[in-house]
Amino acid sequence: MTDFEIDFVSDLIKKVKPSATIAVSMKSAELRAAGKDVIGLGAGEPDFDTPNHIKAAAIEAINQGKTKYTAVDGTPELKKAIVDKFKRENHLDFNANQVLVSCGAKHSISNLLAAVLNPGDEVIIPAPYWVSYPDMVLLAGGESVIVNTTQEQDFKITPEQLENAISDKSRIIILNTPSNPTGKAYRKAELQALGEVLLKYPQLLIATDDIYEHIYWGDEEITNLGVLFPELMDRMVFINGVSKAYAMTGWRIGYAAGPVDVITAMRKIQSQATSNPCSISQAASVAALNGSQDCLIPMRKAFKERHDWLIGALNDIPGFSCIPGEGAFYAFPNVEQAIAKIDGVHTDVEFSTWLLENAEVAVVPGTPFGAPGHVRLSFATSMENLHKAVSRISNALTVINPVI
């Protein structure tokens, strides 16, 4: 026996933070289990059920005994469906050997970072960013270069900011549009301006996280850098999945398409980590991509209606300032003025805890997204819940400070 405690956890893992969004969802569930009437606006998960024709395809796959291993990179049927999707919707041409199917878009991004980063390589990440990007970079041995944006610039990186962030160590830039957490989407002219900069730096891979592509209501057709700059295609990796658009978060299917050498390296990593994604989920995803897309319309319409109501309602709360988005299902208000009016509350993290305790509304603080002074509210919930949540937040702030 030794008289000291042995620490088996690696130094690297000690630097990794748990997912803030998952932590909020778990805390909300714990409070509800304890009898608290908590309204959870933390989870980035559609509140709709998976469409019936997709579920039927999964049931049929089970009945047909499609319960064995598949190819590591996905079934031929699903890879063809993905290739067809890119051609039909994005005007991009890929071959099957340029596609890798993984256990969710997060898995796809993780595979990419592990496949291309050497120790010390830099990944350019515009902020606000999805909470997992920096920690996935850390786990892959890279270093995040965070480029801060503001509400005044619509939370979008400018060409000048991009150029200033690029160094000899730059390896990847991650662009997420529409964005989690802001809901903002890059317009064609904005992408063209960024593309002109990227053309000058051939060592830089471009990863586009397009998981919210179908939850978009902007006033111009959504586009991508690959269409605008075909000469960039040999260093672009497109990340997508079925989770958000088709309400299939639990099915865990994401995919990546890009240069053969990069996809091959990603497949090698996946072969040693998880092997193939779930065979049944892959069959369901074929139905999602190949079937009628009419099922997307009512979901997108509902998200747009909730967005339009919530942005106005939040701006009616003294101390909140929120700009509208063009997609996804998040509002990302600045709450610095509200924080300043609450005794003992100094940060967005403390404010989020205060809302949970005093209004029984769960939101995610902005700091894990790289944007202190903000909070993220998911409107992937009923309009009834949104009305109740806003009322509770407003009442709680009024009670503690009637002049707020």
# chains A, B, ... in the order shown; residues from 1 in each chain; ligands from 1
>>> closest_atom_pairs(of="range 276-337 of chain A", to="range 359-381 of chain A", cutoff="8 Å", atoms="only C-alpha atoms", output="Markdown table")
| residue | atom | partner | partner_atom | distance |
| --- | --- | --- | --- | --- |
| A:Phe303 | CA | A:Ala380 | CA | 7.1 |
| A:Arg306 | CA | A:Phe379 | CA | 6.5 |
| A:His307 | CA | A:Phe379 | CA | 7.0 |
| A:Leu310 | CA | A:Phe379 | CA | 7.9 |
| A:Phe329 | CA | A:Phe379 | CA | 5.4 |
| A:Tyr330 | CA | A:Ser378 | CA | 4.5 |
| A:Ala331 | CA | A:Leu377 | CA | 5.2 |
| A:Phe332 | CA | A:Arg376 | CA | 4.7 |
| A:Pro333 | CA | A:His374 | CA | 5.5 |
| A:Asn334 | CA | A:His374 | CA | 4.3 |
| A:Val335 | CA | A:His374 | CA | 5.4 |
| A:Glu336 | CA | A:Gly373 | CA | 5.1 |
>>> write_last_selection(atoms="C-alpha atoms", output="CSV table (one decimal), in the first residue's frame")
chain,number,residue,atom,x,y,z
A,303,PHE,CA,-38.7,27.4,-35.9
A,306,ARG,CA,-40.7,30.9,-32.7
A,307,HIS,CA,-37.6,32.9,-33.7
A,310,LEU,CA,-38.7,35.3,-29.2
A,329,PHE,CA,-32.9,27.5,-33.5
A,330,TYR,CA,-31.0,29.8,-31.0
A,331,ALA,CA,-31.3,33.3,-29.7
A,332,PHE,CA,-28.1,34.8,-28.4
A,333,PRO,CA,-28.8,38.0,-26.5
A,334,ASN,CA,-26.3,40.3,-24.8
A,335,VAL,CA,-27.3,40.5,-21.2
A,336,GLU,CA,-24.5,42.7,-19.7
>>> select_by_dssp(residues="range 150-391 of chain A", states="helix (DSSP H, G or I)", output="PyMOL selection string")
chain A and resi 151-153+159-165+188-198+225-228+230-235+249-251+260-273+279-290+296-315+336-340+348-358+367-369+383-391
>>> closest_residue(among="A:Ile342, A:Ile393, A:Ala284, A:Leu314", to="His53 in chain A", atoms="only C-alpha atoms")
A:Ala284
>>> atom_distance(atom1="CA of Lys169 in chain A", atom2="CA of Leu191 in chain A")
23.0 Å
>>> residues_around(residues="range 263-267 of chain A", least_positions_apart="5", cutoff="10 Å", atoms="only C-alpha atoms", output="list in words")
Val72, Asp73, Gly74, Asn97, Gln98, Val99, Leu100, Val101, Ser102, Ser108, Ile109, Ser110, Asn111, Leu112, Leu113, Ala114, Ala115, Val116, Val237, Ala256, Ala257, Gly258, Gln272, Ala273, Ser275 and Asn276 of chain A
>>> closest_residue(among="A:Lys68, A:Ala140, A:Pro76, A:Pro277", to="Arg252 in chain A", atoms="only C-alpha atoms")
A:Pro277
>>> atom_distance(atom1="CA of Ala127 in chain A", atom2="CA of Pro318 in chain A")
25.2 Å
>>> residues_around(residues="range 198-213 of chain A", least_positions_apart="2", cutoff="8 Å", atoms="only C-alpha atoms", output="PyMOL selection string")
chain A and resi 105+170-179+194-196+215-216+232+235-245+327-328
>>> write_last_selection(atoms="N, CA and C atoms", output="JSON list (two decimals), in the first residue's frame")
[["chain", "number", "residue", "atom", "x", "y", "z"],
["A", 105, "ALA", "N", -22.14, 14.53, -36.63],
["A", 105, "ALA", "CA", -21.26, 15.55, -37.19],
["A", 105, "ALA", "C", -20.10, 15.86, -36.25],
["A", 170, "SER", "N", -0.96, 28.12, -39.28],
["A", 170, "SER", "CA", -2.39, 27.90, -39.55],
["A", 170, "SER", "C", -2.59, 26.67, -40.40],
["A", 171, "ARG", "N", -3.54, 25.83, -39.99],
["A", 171, "ARG", "CA", -3.79, 24.58, -40.69],
["A", 171, "ARG", "C", -5.24, 24.46, -41.16],
["A", 172, "ILE", "N", -6.18, 24.93, -40.33],
["A", 172, "ILE", "CA", -7.60, 24.80, -40.64],
["A", 172, "ILE", "C", -8.33, 26.06, -40.18],
["A", 173, "ILE", "N", -9.36, 26.43, -40.90],
["A", 173, "ILE", "CA", -10.36, 27.37, -40.40],
["A", 173, "ILE", "C", -11.69, 26.64, -40.39],
["A", 174, "ILE", "N", -12.47, 26.86, -39.32],
["A", 174, "ILE", "CA", -13.80, 26.26, -39.21],
["A", 174, "ILE", "C", -14.84, 27.35, -39.37],
["A", 175, "LEU", "N", -15.70, 27.18, -40.35],
["A", 175, "LEU", "CA", -16.82, 28.11, -40.58],
["A", 175, "LEU", "C", -18.13, 27.36, -40.35],
["A", 176, "ASN", "N", -18.99, 27.95, -39.54],
["A", 176, "ASN", "CA", -20.28, 27.33, -39.19],
["A", 176, "ASN", "C", -21.40, 28.28, -39.58],
["A", 177, "THR", "N", -22.18, 27.87, -40.59],
["A", 177, "THR", "CA", -23.26, 28.74, -41.07],
["A", 177, "THR", "C", -24.43, 27.91, -41.56],
["A", 178, "PRO", "N", -25.65, 28.19, -41.08],
["A", 178, "PRO", "CA", -26.01, 29.08, -39.97],
["A", 178, "PRO", "C", -25.32, 28.65, -38.67],
["A", 179, "SER", "N", -25.14, 29.62, -37.82],
["A", 179, "SER", "CA", -24.27, 29.43, -36.65],
["A", 179, "SER", "C", -25.00, 28.94, -35.42],
["A", 194, "LEU", "N", -14.39, 36.52, -47.98],
["A", 194, "LEU", "CA", -13.53, 35.60, -47.25],
["A", 194, "LEU", "C", -12.76, 34.69, -48.21],
["A", 195, "GLY", "N", -13.42, 34.26, -49.26],
["A", 195, "GLY", "CA", -12.78, 33.38, -50.24],
["A", 195, "GLY", "C", -11.58, 34.04, -50.90],
["A", 196, "GLU", "N", -11.66, 35.33, -51.17],
["A", 196, "GLU", "CA", -10.54, 36.04, -51.78],
["A", 196, "GLU", "C", -9.31, 35.98, -50.89],
["A", 215, "ILE", "N", -32.23, 24.45, -41.75],
["A", 215, "ILE", "CA", -33.02, 25.30, -40.86],
["A", 215, "ILE", "C", -32.55, 26.74, -41.14],
["A", 216, "TYR", "N", -33.03, 27.27, -42.25],
["A", 216, "TYR", "CA", -32.56, 28.55, -42.77],
["A", 216, "TYR", "C", -33.73, 29.28, -43.41],
["A", 232, "LEU", "N", -10.96, 26.24, -54.65],
["A", 232, "LEU", "CA", -10.75, 25.91, -53.24],
["A", 232, "LEU", "C", -11.17, 24.48, -52.90],
["A", 235, "ARG", "N", -9.17, 21.70, -51.04],
["A", 235, "ARG", "CA", -8.82, 21.85, -49.63],
["A", 235, "ARG", "C", -10.03, 22.26, -48.78],
["A", 236, "MET", "N", -11.19, 21.77, -49.21],
["A", 236, "MET", "CA", -12.40, 22.00, -48.44],
["A", 236, "MET", "C", -12.98, 20.68, -47.94],
["A", 237, "VAL", "N", -13.44, 20.67, -46.70],
["A", 237, "VAL", "CA", -14.13, 19.53, -46.13],
["A", 237, "VAL", "C", -15.49, 20.01, -45.64],
["A", 238, "PHE", "N", -16.54, 19.40, -46.16],
["A", 238, "PHE", "CA", -17.91, 19.77, -45.83],
["A", 238, "PHE", "C", -18.45, 18.79, -44.78],
["A", 239, "ILE", "N", -18.87, 19.34, -43.65],
["A", 239, "ILE", "CA", -19.41, 18.53, -42.55],
["A", 239, "ILE", "C", -20.92, 18.74, -42.48],
["A", 240, "ASN", "N", -21.66, 17.65, -42.39],
["A", 240, "ASN", "CA", -23.11, 17.76, -42.28],
["A", 240, "ASN", "C", -23.65, 16.52, -41.58],
["A", 241, "GLY", "N", -24.96, 16.39, -41.51],
["A", 241, "GLY", "CA", -25.56, 15.23, -40.86],
["A", 241, "GLY", "C", -27.07, 15.34, -40.91],
["A", 242, "VAL", "N", -27.71, 14.36, -40.32],
["A", 242, "VAL", "CA", -29.18, 14.31, -40.36],
["A", 242, "VAL", "C", -29.82, 14.75, -39.05],
["A", 243, "SER", "N", -29.02, 15.04, -38.04],
["A", 243, "SER", "CA", -29.55, 15.26, -36.69],
["A", 243, "SER", "C", -30.55, 16.40, -36.60],
["A", 244, "LYS", "N", -30.16, 17.58, -37.08],
["A", 244, "LYS", "CA", -30.98, 18.76, -36.86],
["A", 244, "LYS", "C", -32.12, 18.86, -37.86],
["A", 245, "ALA", "N", -31.83, 18.69, -39.13],
["A", 245, "ALA", "CA", -32.85, 18.89, -40.16],
["A", 245, "ALA", "C", -34.00, 17.90, -40.03],
["A", 327, "GLY", "N", -31.22, 31.44, -39.23],
["A", 327, "GLY", "CA", -31.34, 29.99, -39.22],
["A", 327, "GLY", "C", -31.02, 29.41, -37.86],
["A", 328, "ALA", "N", -30.90, 28.07, -37.82],
["A", 328, "ALA", "CA", -30.71, 27.31, -36.58],
["A", 328, "ALA", "C", -31.90, 27.55, -35.66]]
>>> residues_around(residues="Ala81 in chain A", least_positions_apart="5", cutoff="10 Å", atoms="only C-alpha atoms", output="compact mmCIF listing (two decimals) with N, CA and C atoms, in the first residue's frame")
# COMPACT_ATOMS: atom_id res chain seq x y z
N THR A 75 -22.42 2.56 -45.58
CA THR A 75 -22.95 1.66 -46.60
C THR A 75 -22.89 2.34 -47.98
N PRO A 76 -22.77 1.54 -49.03
CA PRO A 76 -22.79 2.14 -50.38
C PRO A 76 -24.06 2.94 -50.64
N PHE A 86 -25.36 16.23 -52.18
CA PHE A 86 -24.44 17.33 -52.47
C PHE A 86 -24.65 17.87 -53.88
N LYS A 87 -24.87 16.97 -54.83
CA LYS A 87 -25.09 17.40 -56.21
C LYS A 87 -26.41 18.15 -56.34
N ALA A 96 -17.77 8.52 -54.29
CA ALA A 96 -18.01 7.79 -53.05
C ALA A 96 -16.77 7.74 -52.16
N SER A 285 -31.14 6.97 -42.55
CA SER A 285 -30.59 8.19 -43.15
C SER A 285 -30.70 8.17 -44.68
N VAL A 286 -30.63 6.98 -45.27
CA VAL A 286 -30.87 6.86 -46.71
C VAL A 286 -32.28 7.37 -47.03
N ALA A 287 -33.26 6.93 -46.23
CA ALA A 287 -34.64 7.38 -46.44
C ALA A 287 -34.77 8.88 -46.24
N ALA A 288 -34.04 9.42 -45.26
CA ALA A 288 -34.10 10.85 -44.99
C ALA A 288 -33.59 11.65 -46.19
N LEU A 289 -32.46 11.25 -46.72
CA LEU A 289 -31.83 12.02 -47.81
C LEU A 289 -32.50 11.78 -49.15
N ASN A 290 -32.95 10.56 -49.40
CA ASN A 290 -33.54 10.23 -50.70
C ASN A 290 -35.04 10.51 -50.78
N GLY A 291 -35.70 10.53 -49.64
CA GLY A 291 -37.15 10.68 -49.63
C GLY A 291 -37.60 12.12 -49.84
>>> closest_residue(among="A:Lys388, A:Lys268, A:Lys301, A:Lys184", to="Gln151 in chain A", atoms="only C-alpha atoms")
A:Lys184
>>> select_by_dssp(residues="range 187-257 of chain A", states="strand (DSSP E or B)", output="ChimeraX atom specification")
/A:205-209,216,236-241,254-257
>>> write_last_selection(atoms="N, CA, C and O atoms", output="mmCIF file, in the first residue's frame")
data_model
loop_
_atom_site.group_PDB
_atom_site.id
_atom_site.type_symbol
_atom_site.label_atom_id
_atom_site.label_comp_id
_atom_site.auth_asym_id
_atom_site.auth_seq_id
_atom_site.Cartn_x
_atom_site.Cartn_y
_atom_site.Cartn_z
ATOM 1 N N LEU A 205 -6.641 24.457 -44.756
ATOM 2 C CA LEU A 205 -7.849 23.695 -45.023
ATOM 3 C C LEU A 205 -9.067 24.488 -44.556
ATOM 4 O O LEU A 205 -8.984 25.237 -43.573
ATOM 5 N N ILE A 206 -10.172 24.312 -45.242
ATOM 6 C CA ILE A 206 -11.406 25.011 -44.900
ATOM 7 C C ILE A 206 -12.446 23.963 -44.527
ATOM 8 O O ILE A 206 -12.842 23.139 -45.361
ATOM 9 N N ALA A 207 -12.873 23.979 -43.270
ATOM 10 C CA ALA A 207 -13.906 23.050 -42.808
ATOM 11 C C ALA A 207 -15.198 23.826 -42.622
ATOM 12 O O ALA A 207 -15.235 24.814 -41.883
ATOM 13 N N THR A 208 -16.248 23.412 -43.304
ATOM 14 C CA THR A 208 -17.538 24.083 -43.166
ATOM 15 C C THR A 208 -18.504 23.162 -42.427
ATOM 16 O O THR A 208 -18.781 22.052 -42.867
ATOM 17 N N ASP A 209 -18.967 23.640 -41.297
ATOM 18 C CA ASP A 209 -19.932 22.904 -40.479
ATOM 19 C C ASP A 209 -21.320 23.389 -40.882
ATOM 20 O O ASP A 209 -21.767 24.468 -40.483
ATOM 21 N N TYR A 216 -33.035 27.266 -42.251
ATOM 22 C CA TYR A 216 -32.558 28.555 -42.769
ATOM 23 C C TYR A 216 -33.731 29.281 -43.415
ATOM 24 O O TYR A 216 -34.515 28.676 -44.151
ATOM 25 N N MET A 236 -11.185 21.765 -49.207
ATOM 26 C CA MET A 236 -12.402 22.003 -48.438
ATOM 27 C C MET A 236 -12.984 20.683 -47.939
ATOM 28 O O MET A 236 -13.031 19.700 -48.683
ATOM 29 N N VAL A 237 -13.438 20.673 -46.696
ATOM 30 C CA VAL A 237 -14.131 19.529 -46.126
ATOM 31 C C VAL A 237 -15.488 20.014 -45.638
ATOM 32 O O VAL A 237 -15.581 20.939 -44.817
ATOM 33 N N PHE A 238 -16.542 19.395 -46.157
ATOM 34 C CA PHE A 238 -17.909 19.770 -45.827
ATOM 35 C C PHE A 238 -18.448 18.794 -44.783
ATOM 36 O O PHE A 238 -18.468 17.586 -45.014
ATOM 37 N N ILE A 239 -18.874 19.344 -43.647
ATOM 38 C CA ILE A 239 -19.408 18.530 -42.552
ATOM 39 C C ILE A 239 -20.920 18.741 -42.482
ATOM 40 O O ILE A 239 -21.405 19.871 -42.500
ATOM 41 N N ASN A 240 -21.663 17.649 -42.386
ATOM 42 C CA ASN A 240 -23.115 17.763 -42.281
ATOM 43 C C ASN A 240 -23.650 16.517 -41.581
ATOM 44 O O ASN A 240 -22.876 15.678 -41.116
ATOM 45 N N GLY A 241 -24.955 16.394 -41.509
ATOM 46 C CA GLY A 241 -25.557 15.234 -40.857
ATOM 47 C C GLY A 241 -27.066 15.336 -40.906
ATOM 48 O O GLY A 241 -27.626 16.296 -41.432
ATOM 49 N N GLY A 254 -23.573 11.487 -38.933
ATOM 50 C CA GLY A 254 -23.009 12.672 -39.570
ATOM 51 C C GLY A 254 -22.160 12.218 -40.726
ATOM 52 O O GLY A 254 -21.888 11.020 -40.900
ATOM 53 N N TYR A 255 -21.726 13.164 -41.542
ATOM 54 C CA TYR A 255 -20.882 12.770 -42.669
ATOM 55 C C TYR A 255 -19.983 13.922 -43.089
ATOM 56 O O TYR A 255 -20.231 15.097 -42.774
ATOM 57 N N ALA A 256 -18.906 13.562 -43.746
ATOM 58 C CA ALA A 256 -17.934 14.525 -44.262
ATOM 59 C C ALA A 256 -17.643 14.190 -45.720
ATOM 60 O O ALA A 256 -17.644 13.014 -46.109
ATOM 61 N N ALA A 257 -17.392 15.228 -46.514
ATOM 62 C CA ALA A 257 -16.990 15.049 -47.910
ATOM 63 C C ALA A 257 -15.845 16.006 -48.191
ATOM 64 O O ALA A 257 -15.886 17.168 -47.785
#
>>> residues_around(residues="Asp316 in chain A", least_positions_apart="4", cutoff="12 Å", atoms="only C-alpha atoms", output="ChimeraX atom specification")
/A:309-312,320-322,333,390-391,393-394,404
>>> write_last_selection(atoms="C-alpha atoms", output="PDB file, in the first residue's frame")
ATOM      1  CA  TRP A 309     -41.628  35.986 -31.552  1.00  0.00           C
ATOM      2  CA  LEU A 310     -38.690  35.299 -29.235  1.00  0.00           C
ATOM      3  CA  ILE A 311     -36.341  37.964 -30.626  1.00  0.00           C
ATOM      4  CA  GLY A 312     -38.961  40.653 -30.087  1.00  0.00           C
ATOM      5  CA  PHE A 320     -31.419  42.281 -22.972  1.00  0.00           C
ATOM      6  CA  SER A 321     -30.272  43.067 -26.520  1.00  0.00           C
ATOM      7  CA  CYS A 322     -30.752  40.416 -29.215  1.00  0.00           C
ATOM      8  CA  PRO A 333     -28.804  38.018 -26.503  1.00  0.00           C
ATOM      9  CA  VAL A 390     -39.767  34.899 -21.096  1.00  0.00           C
ATOM     10  CA  SER A 391     -42.455  35.781 -18.556  1.00  0.00           C
ATOM     11  CA  ILE A 393     -37.243  35.845 -16.729  1.00  0.00           C
ATOM     12  CA  SER A 394     -38.942  39.245 -16.918  1.00  0.00           C
ATOM     13  CA  ILE A 404     -34.726  47.311 -14.207  1.00  0.00           C
TER      14      ILE A 404
END
>>> closest_residue(among="A:Ala302, A:Ala283, A:Ile13, A:Val145", to="Gln64 in chain A", atoms="only C-alpha atoms")
A:Ala283
>>> closest_residue(among="A:Asn148, A:Ile269, A:Asn90, A:Asn164", to="Leu228 in chain A", atoms="only C-alpha atoms")
A:Asn90
>>> residues_around(residues="Glu220 in chain A", least_positions_apart="4", cutoff="12 Å", atoms="only C-alpha atoms", output="PyMOL selection string")
chain A and resi 185-189+216+326
>>> write_last_selection(atoms="all heavy atoms", output="PDB file, in the first residue's frame")
ATOM      1  N   ALA A 185     -26.079  33.649 -40.570  1.00  0.00           N
ATOM      2  CA  ALA A 185     -25.584  32.922 -41.741  1.00  0.00           C
ATOM      3  C   ALA A 185     -24.823  33.889 -42.645  1.00  0.00           C
ATOM      4  O   ALA A 185     -25.231  35.043 -42.818  1.00  0.00           O
ATOM      5  CB  ALA A 185     -26.737  32.284 -42.504  1.00  0.00           C
ATOM      6  N   TYR A 186     -23.719  33.406 -43.212  1.00  0.00           N
ATOM      7  CA  TYR A 186     -22.933  34.240 -44.122  1.00  0.00           C
ATOM      8  C   TYR A 186     -23.672  34.411 -45.442  1.00  0.00           C
ATOM      9  O   TYR A 186     -24.160  33.450 -46.038  1.00  0.00           O
ATOM     10  CB  TYR A 186     -21.563  33.612 -44.363  1.00  0.00           C
ATOM     11  CG  TYR A 186     -20.609  33.778 -43.208  1.00  0.00           C
ATOM     12  CD1 TYR A 186     -20.513  32.800 -42.224  1.00  0.00           C
ATOM     13  CD2 TYR A 186     -19.818  34.912 -43.098  1.00  0.00           C
ATOM     14  CE1 TYR A 186     -19.646  32.949 -41.147  1.00  0.00           C
ATOM     15  CE2 TYR A 186     -18.942  35.067 -42.033  1.00  0.00           C
ATOM     16  CZ  TYR A 186     -18.860  34.088 -41.055  1.00  0.00           C
ATOM     17  OH  TYR A 186     -18.006  34.239 -39.996  1.00  0.00           O
ATOM     18  N   ARG A 187     -23.738  35.647 -45.899  1.00  0.00           N
ATOM     19  CA  ARG A 187     -24.323  35.950 -47.193  1.00  0.00           C
ATOM     20  C   ARG A 187     -23.299  35.691 -48.292  1.00  0.00           C
ATOM     21  O   ARG A 187     -22.101  35.556 -48.038  1.00  0.00           O
ATOM     22  CB  ARG A 187     -24.800  37.403 -47.231  1.00  0.00           C
ATOM     23  CG  ARG A 187     -25.832  37.730 -46.158  1.00  0.00           C
ATOM     24  CD  ARG A 187     -26.204  39.196 -46.153  1.00  0.00           C
ATOM     25  NE  ARG A 187     -26.991  39.540 -47.328  1.00  0.00           N
ATOM     26  CZ  ARG A 187     -28.309  39.437 -47.399  1.00  0.00           C
ATOM     27  NH1 ARG A 187     -29.006  39.001 -46.357  1.00  0.00           N
ATOM     28  NH2 ARG A 187     -28.957  39.773 -48.502  1.00  0.00           N
ATOM     29  N   LYS A 188     -23.789  35.626 -49.523  1.00  0.00           N
ATOM     30  CA  LYS A 188     -22.923  35.336 -50.663  1.00  0.00           C
ATOM     31  C   LYS A 188     -21.757  36.324 -50.753  1.00  0.00           C
ATOM     32  O   LYS A 188     -20.598  35.916 -50.917  1.00  0.00           O
ATOM     33  CB  LYS A 188     -23.736  35.363 -51.955  1.00  0.00           C
ATOM     34  CG  LYS A 188     -22.929  35.103 -53.218  1.00  0.00           C
ATOM     35  CD  LYS A 188     -23.825  35.137 -54.453  1.00  0.00           C
ATOM     36  CE  LYS A 188     -23.010  34.914 -55.732  1.00  0.00           C
ATOM     37  NZ  LYS A 188     -23.873  34.954 -56.938  1.00  0.00           N
ATOM     38  N   ALA A 189     -22.038  37.605 -50.626  1.00  0.00           N
ATOM     39  CA  ALA A 189     -20.981  38.612 -50.734  1.00  0.00           C
ATOM     40  C   ALA A 189     -19.953  38.468 -49.623  1.00  0.00           C
ATOM     41  O   ALA A 189     -18.755  38.689 -49.841  1.00  0.00           O
ATOM     42  CB  ALA A 189     -21.597  40.012 -50.708  1.00  0.00           C
ATOM     43  N   TYR A 216     -33.035  27.266 -42.251  1.00  0.00           N
ATOM     44  CA  TYR A 216     -32.558  28.555 -42.769  1.00  0.00           C
ATOM     45  C   TYR A 216     -33.731  29.281 -43.415  1.00  0.00           C
ATOM     46  O   TYR A 216     -34.515  28.676 -44.151  1.00  0.00           O
ATOM     47  CB  TYR A 216     -31.446  28.310 -43.792  1.00  0.00           C
ATOM     48  CG  TYR A 216     -31.014  29.555 -44.547  1.00  0.00           C
ATOM     49  CD1 TYR A 216     -30.210  30.514 -43.927  1.00  0.00           C
ATOM     50  CD2 TYR A 216     -31.412  29.765 -45.862  1.00  0.00           C
ATOM     51  CE1 TYR A 216     -29.820  31.655 -44.617  1.00  0.00           C
ATOM     52  CE2 TYR A 216     -31.025  30.901 -46.553  1.00  0.00           C
ATOM     53  CZ  TYR A 216     -30.232  31.844 -45.923  1.00  0.00           C
ATOM     54  OH  TYR A 216     -29.851  32.970 -46.600  1.00  0.00           O
ATOM     55  N   GLU A 326     -30.762  34.082 -39.072  1.00  0.00           N
ATOM     56  CA  GLU A 326     -31.335  33.603 -40.331  1.00  0.00           C
ATOM     57  C   GLU A 326     -31.528  32.093 -40.348  1.00  0.00           C
ATOM     58  O   GLU A 326     -31.941  31.533 -41.359  1.00  0.00           O
ATOM     59  CB  GLU A 326     -30.452  33.988 -41.527  1.00  0.00           C
ATOM     60  CG  GLU A 326     -30.378  35.477 -41.809  1.00  0.00           C
ATOM     61  CD  GLU A 326     -29.324  36.169 -40.967  1.00  0.00           C
ATOM     62  OE1 GLU A 326     -28.209  35.647 -40.820  1.00  0.00           O
ATOM     63  OE2 GLU A 326     -29.637  37.262 -40.446  1.00  0.00           O
TER      64      GLU A 326
END
>>> atom_distance(atom1="CA of Tyr246 in chain A", atom2="CA of Met136 in chain A")
25.2 Å
>>> closest_residue(among="A:Cys103, A:Ser19, A:Ile146, A:Lys156", to="Gln270 in chain A", atoms="only C-alpha atoms")
A:Cys103
